[in-house]
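J.: Pasting input15.txt here (compact mmCIF, C-alpha atoms):
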```txt
# COMPACT_ATOMS: atom_id res chain seq x y z
CA MET A 1 0.00 0.00 0.00
CA THR A 2 2.81 2.41 0.86
CA ILE A 3 4.44 1.72 -2.51
CA LEU A 4 1.21 2.51 -4.37
CA ILE A 5 0.70 5.75 -2.47
CA SER A 6 4.26 6.86 -3.13
CA LEU A 7 3.86 6.09 -6.84
CA PHE A 8 0.74 8.26 -7.06
CA ALA A 9 2.37 11.08 -5.11
CA PHE A 10 4.76 11.72 -8.01
CA SER A 11 2.23 11.30 -10.79
CA THR A 12 0.46 14.29 -12.21
CA ILE A 13 -2.88 14.04 -13.86
CA SER A 14 -3.65 16.70 -16.42
CA VAL A 15 -7.22 17.47 -17.36
CA SER A 16 -7.88 20.00 -20.07
CA ALA A 17 -11.06 21.09 -21.79
CA ALA A 18 -11.59 20.18 -25.41
CA THR A 19 -10.85 23.03 -27.78
CA SER A 20 -12.60 21.63 -30.85
CA GLY A 21 -15.08 19.06 -31.98
CA THR A 22 -18.37 18.63 -33.77
CA CYS A 23 -21.71 20.21 -32.87
CA GLY A 24 -23.80 18.81 -35.71
CA THR A 25 -23.49 16.36 -38.57
CA ASN A 26 -21.56 18.87 -40.67
CA LEU A 27 -20.73 21.54 -38.10
CA LYS A 28 -17.46 22.02 -36.25
CA TRP A 29 -16.57 24.20 -33.28
CA THR A 30 -13.23 25.53 -32.07
CA VAL A 31 -12.17 27.70 -29.15
CA ASP A 32 -8.81 29.40 -29.65
CA ASP A 33 -6.38 30.79 -27.08
CA SER A 34 -7.85 34.29 -27.33
CA GLY A 35 -11.30 33.05 -26.27
CA THR A 36 -12.95 32.97 -29.70
CA LEU A 37 -15.59 30.29 -30.30
CA THR A 38 -16.09 29.61 -34.00
CA ILE A 39 -18.98 27.52 -35.35
CA SER A 40 -18.33 26.53 -38.98
CA GLY A 41 -19.48 24.10 -41.64
CA ASP A 42 -22.86 23.44 -43.24
CA GLY A 43 -26.21 22.71 -41.68
CA ASN A 44 -27.92 22.36 -38.34
CA MET A 45 -26.45 22.54 -34.87
CA LYS A 46 -27.13 19.54 -32.69
CA SER A 47 -29.97 20.11 -30.22
CA TYR A 48 -28.67 20.41 -26.66
CA ASN A 49 -31.20 19.94 -23.87
CA SER A 50 -29.13 21.49 -21.09
CA ILE A 51 -26.30 23.97 -20.75
CA SER A 52 -23.98 21.30 -19.35
CA ALA A 53 -24.46 19.21 -22.53
CA LEU A 54 -22.72 21.85 -24.65
CA PRO A 55 -19.25 20.69 -25.78
CA TRP A 56 -17.80 24.13 -24.89
CA TYR A 57 -19.60 24.23 -21.51
CA SER A 58 -16.45 24.39 -19.35
CA GLN A 59 -15.09 27.33 -21.38
CA ARG A 60 -18.26 29.45 -21.56
CA ALA A 61 -17.20 32.05 -18.95
CA ASN A 62 -13.96 32.75 -20.86
CA ILE A 63 -15.39 33.06 -24.37
CA LYS A 64 -15.04 36.68 -25.48
CA LYS A 65 -15.86 36.43 -29.16
CA LEU A 66 -18.31 34.30 -31.13
CA VAL A 67 -18.06 33.71 -34.87
CA ILE A 68 -20.96 32.00 -36.67
CA GLY A 69 -20.18 30.65 -40.14
CA GLU A 70 -22.05 31.49 -43.32
CA ASN A 71 -23.76 28.11 -43.77
CA VAL A 72 -24.97 27.44 -40.22
CA THR A 73 -28.76 26.93 -40.51
CA SER A 74 -29.89 26.32 -36.92
CA ILE A 75 -28.79 27.19 -33.40
CA SER A 76 -29.60 25.06 -30.37
CA LYS A 77 -31.21 26.41 -27.23
CA TYR A 78 -28.59 27.06 -24.55
CA ALA A 79 -25.91 27.43 -27.27
CA PHE A 80 -24.39 30.64 -25.90
CA HIS A 81 -25.99 30.63 -22.44
CA SER A 82 -23.84 32.19 -19.69
CA PHE A 83 -21.22 33.61 -22.07
CA THR A 84 -20.78 36.36 -19.47
CA ALA A 85 -17.43 37.60 -20.88
CA LEU A 86 -18.77 37.87 -24.45
CA THR A 87 -17.90 41.20 -26.08
CA GLU A 88 -18.33 40.48 -29.79
CA VAL A 89 -20.56 38.40 -32.05
CA ASN A 90 -19.65 38.08 -35.73
CA TRP A 91 -22.79 36.59 -37.24
CA ASN A 92 -22.21 35.50 -40.84
CA ALA A 93 -24.97 32.89 -41.27
CA LYS A 94 -26.97 33.70 -44.40
CA SER A 95 -30.23 32.57 -42.88
CA VAL A 96 -30.91 30.63 -39.69
CA ALA A 97 -34.24 28.87 -40.09
CA ASP A 98 -34.34 27.42 -36.58
CA PHE A 99 -33.38 29.38 -33.49
CA GLN A 100 -34.49 27.03 -30.72
CA GLN A 101 -36.08 28.66 -27.68
CA SER A 102 -34.52 32.04 -28.33
CA ASP A 103 -35.05 33.36 -24.79
CA ILE A 104 -32.22 31.19 -23.46
CA VAL A 105 -29.74 31.07 -26.37
CA PHE A 106 -27.89 34.22 -25.24
CA TYR A 107 -29.09 34.24 -21.61
CA LYS A 108 -26.62 36.21 -19.40
CA ALA A 109 -24.36 36.94 -22.39
CA GLY A 110 -22.09 39.94 -21.95
CA GLN A 111 -23.17 40.56 -18.37
CA SER A 112 -19.68 40.86 -16.85
CA GLY A 113 -18.35 43.52 -19.21
CA ASP A 114 -19.37 46.58 -21.17
CA GLY A 115 -21.75 44.59 -23.38
CA ILE A 116 -21.72 42.93 -26.77
CA ASN A 117 -20.89 44.41 -30.15
CA VAL A 118 -22.94 42.43 -32.69
CA ILE A 119 -21.87 42.46 -36.33
CA PHE A 120 -24.14 40.96 -38.97
CA GLY A 121 -21.84 40.36 -41.95
CA ASN A 122 -22.60 41.11 -45.59
CA SER A 123 -23.45 37.44 -46.23
CA VAL A 124 -26.41 37.66 -43.82
CA GLU A 125 -29.79 37.73 -45.54
CA LYS A 126 -32.02 37.23 -42.53
CA ILE A 127 -31.55 38.01 -38.83
CA PRO A 128 -33.24 35.36 -36.65
CA ALA A 129 -36.46 36.57 -35.05
CA TYR A 130 -36.08 37.22 -31.32
CA MET A 131 -32.33 36.56 -31.48
CA PHE A 132 -31.60 38.44 -28.25
CA TYR A 133 -35.06 38.14 -26.75
CA THR A 134 -35.47 37.39 -23.06
CA SER A 135 -38.93 36.65 -21.74
CA SER A 136 -40.21 38.27 -18.58
CA GLY A 137 -39.48 35.06 -16.67
CA TYR A 138 -35.73 35.53 -17.14
CA SER A 139 -33.92 38.36 -15.40
CA TYR A 140 -30.59 38.31 -17.26
CA ALA A 141 -31.13 39.54 -20.78
CA PRO A 142 -28.07 39.60 -23.04
CA LYS A 143 -26.28 42.93 -22.77
CA VAL A 144 -26.12 44.16 -26.38
CA THR A 145 -24.62 47.63 -26.73
CA ASN A 146 -23.94 48.00 -30.46
CA VAL A 147 -25.33 46.38 -33.62
CA THR A 148 -23.91 46.66 -37.16
CA ILE A 149 -26.09 45.30 -39.97
CA GLY A 150 -24.56 44.23 -43.29
CA ASN A 151 -25.72 45.32 -46.72
CA ASN A 152 -27.67 42.20 -47.73
CA VAL A 153 -30.15 41.87 -44.84
CA ILE A 154 -33.69 41.65 -46.20
```
Could you quickly redo this structure as structure tokens?
T.:
Amino acid sequence: MTILISLFAFSTISVSAATSGTCGTNLKWTVDDSGTLTISGDGNMKSYNSISALPWYSQRANIKKLVIGENVTSISKYAFHSFTALTEVNWNAKSVADFQQSDIVFYKAGQSGDGINVIFGNSVEKIPAYMFYTSSGYSYAPKVTNVTIGNNVI
């Protein structure tokens, strides 16, 4: 027993959060060292039924920038929930047909800083209805301070 304990005393176990993976059949996600979460690829985001099911869950409080790719067509509820350090959203998706339960997608986003600068790129044709909506039952609406809308929004 003493030998086993002494062996473990000199071992280090390293646990690190994933920095990339998939979040849909044809969607990928990455979080870089500067705190940018990028969702890229084609199609629908996987539906997540809780905040802790998100693959970037452990990094959410450190994500400062969010980049949504041009061909993303749906966003899961909880997707950007509790992104309290978020300061910038670069939304490039042409048209998101499904924005699941919009009142909790950006819940608490940008709360710890000066707010969020949202940029809808020139590839955007349609801004999702109720994108930053928070129903009266939720007290932490996303803190959006500036919005730039690209040239092709209908």
J.: Expressed in Å to a single decimal, how great is the separation between atom CA of Thr148 of chain A and atom CA of Thr36 of chain A?
T.: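 If I compute the distance from atom CA of Thr148 of chain A to atom CA of Thr36 of chain A, I get 19.1 Å.
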J.: What separation in Å, quoted to one decimal, exists between atom CA of Leu54 of chain A and atom CA of Ala79 of chain A?
T.: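 A separation of 6.9 Å between them.
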J.: Could you work out how far atom CA of Asn26 of chain A lies from atom CA of Met45 of chain A, giving the answer in Å with one decimal?
T.: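 Rounded to one decimal, the two atoms are 8.4 Å apart.
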J.: Using all atoms listed in the file, find the one residue out of A:Ala97, A:Val124, A:Ile149, A:Ala141 that sits nearest to Gly110 of chain A.
T.: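 Closest residue, counting all atoms listed in the file: A:Ala141.
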J.: Within 9 Å of Ala93 of chain A, counting only C-alpha atoms, which residues show up once you throw out same-chain ones fewer than 6 positions away? Write them as an mmCIF file with C-alpha atoms, in the coordinates of the input, please.
T.:
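Result saved to result-v3.cif:
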```cif
data_model
loop_
_atom_site.group_PDB
_atom_site.id
_atom_site.type_symbol
_atom_site.label_atom_id
_atom_site.label_comp_id
_atom_site.auth_asym_id
_atom_site.auth_seq_id
_atom_site.Cartn_x
_atom_site.Cartn_y
_atom_site.Cartn_z
ATOM 1 C CA ILE A 68 -20.960 32.000 -36.670
ATOM 2 C CA GLY A 69 -20.180 30.650 -40.140
ATOM 3 C CA GLU A 70 -22.050 31.490 -43.320
ATOM 4 C CA ASN A 71 -23.760 28.110 -43.770
ATOM 5 C CA VAL A 72 -24.970 27.440 -40.220
ATOM 6 C CA THR A 73 -28.760 26.930 -40.510
ATOM 7 C CA PHE A 120 -24.140 40.960 -38.970
ATOM 8 C CA GLY A 121 -21.840 40.360 -41.950
ATOM 9 C CA SER A 123 -23.450 37.440 -46.230
ATOM 10 C CA VAL A 124 -26.410 37.660 -43.820
ATOM 11 C CA GLU A 125 -29.790 37.730 -45.540
ATOM 12 C CA LYS A 126 -32.020 37.230 -42.530
ATOM 13 C CA ILE A 127 -31.550 38.010 -38.830
#
```
J.: Within 9 Å of (-20.0, 32.7, -21.9) in the file's own coordinates, which protein, DNA or RNA residues have an atom, counting all atoms listed in the file? List them as a ChimeraX atom specification.
T.: /A:57,59-64,80-86,106,108-110
J.: Can you write just those residues out, C-alpha atoms, as a PDB file, keeping the file's coordinate frame?
T.:
```pdb
ATOM      1  CA  TYR A  57     -19.600  24.230 -21.510  1.00  0.00           C
ATOM      2  CA  GLN A  59     -15.090  27.330 -21.380  1.00  0.00           C
ATOM      3  CA  ARG A  60     -18.260  29.450 -21.560  1.00  0.00           C
ATOM      4  CA  ALA A  61     -17.200  32.050 -18.950  1.00  0.00           C
ATOM      5  CA  ASN A  62     -13.960  32.750 -20.860  1.00  0.00           C
ATOM      6  CA  ILE A  63     -15.390  33.060 -24.370  1.00  0.00           C
ATOM      7  CA  LYS A  64     -15.040  36.680 -25.480  1.00  0.00           C
ATOM      8  CA  PHE A  80     -24.390  30.640 -25.900  1.00  0.00           C
ATOM      9  CA  HIS A  81     -25.990  30.630 -22.440  1.00  0.00           C
ATOM     10  CA  SER A  82     -23.840  32.190 -19.690  1.00  0.00           C
ATOM     11  CA  PHE A  83     -21.220  33.610 -22.070  1.00  0.00           C
ATOM     12  CA  THR A  84     -20.780  36.360 -19.470  1.00  0.00           C
ATOM     13  CA  ALA A  85     -17.430  37.600 -20.880  1.00  0.00           C
ATOM     14  CA  LEU A  86     -18.770  37.870 -24.450  1.00  0.00           C
ATOM     15  CA  PHE A 106     -27.890  34.220 -25.240  1.00  0.00           C
ATOM     16  CA  LYS A 108     -26.620  36.210 -19.400  1.00  0.00           C
ATOM     17  CA  ALA A 109     -24.360  36.940 -22.390  1.00  0.00           C
ATOM     18  CA  GLY A 110     -22.090  39.940 -21.950  1.00  0.00           C
TER      19      GLY A 110
END
```
J.: Within 8 Å of Ser20 of chain A, counting all atoms listed in the file, which residues show up once you throw out same-chain ones fewer than 4 positions away? Write them as a list in words, please.
T.: Lys28, Trp29, Thr30 and Val31 of chain A
J.: Just the residues within 8 Å of Thr145 of chain A, please, counting only C-alpha atoms, with nothing from its chain fewer than 2 positions along; format it as a list of chain:residue names.
T.: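 Neighbouring residues, sequence-local ones excluded: A:Asp114, A:Gly115, A:Ile116, A:Asn117, A:Lys143, A:Val147.
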J.: For Gly150 of chain A, which residue out of A:Val105, A:Ala53, A:Ile39, A:Val118 is the nearest one, using all atoms listed in the file?
T.: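 Closest candidate: A:Val118.
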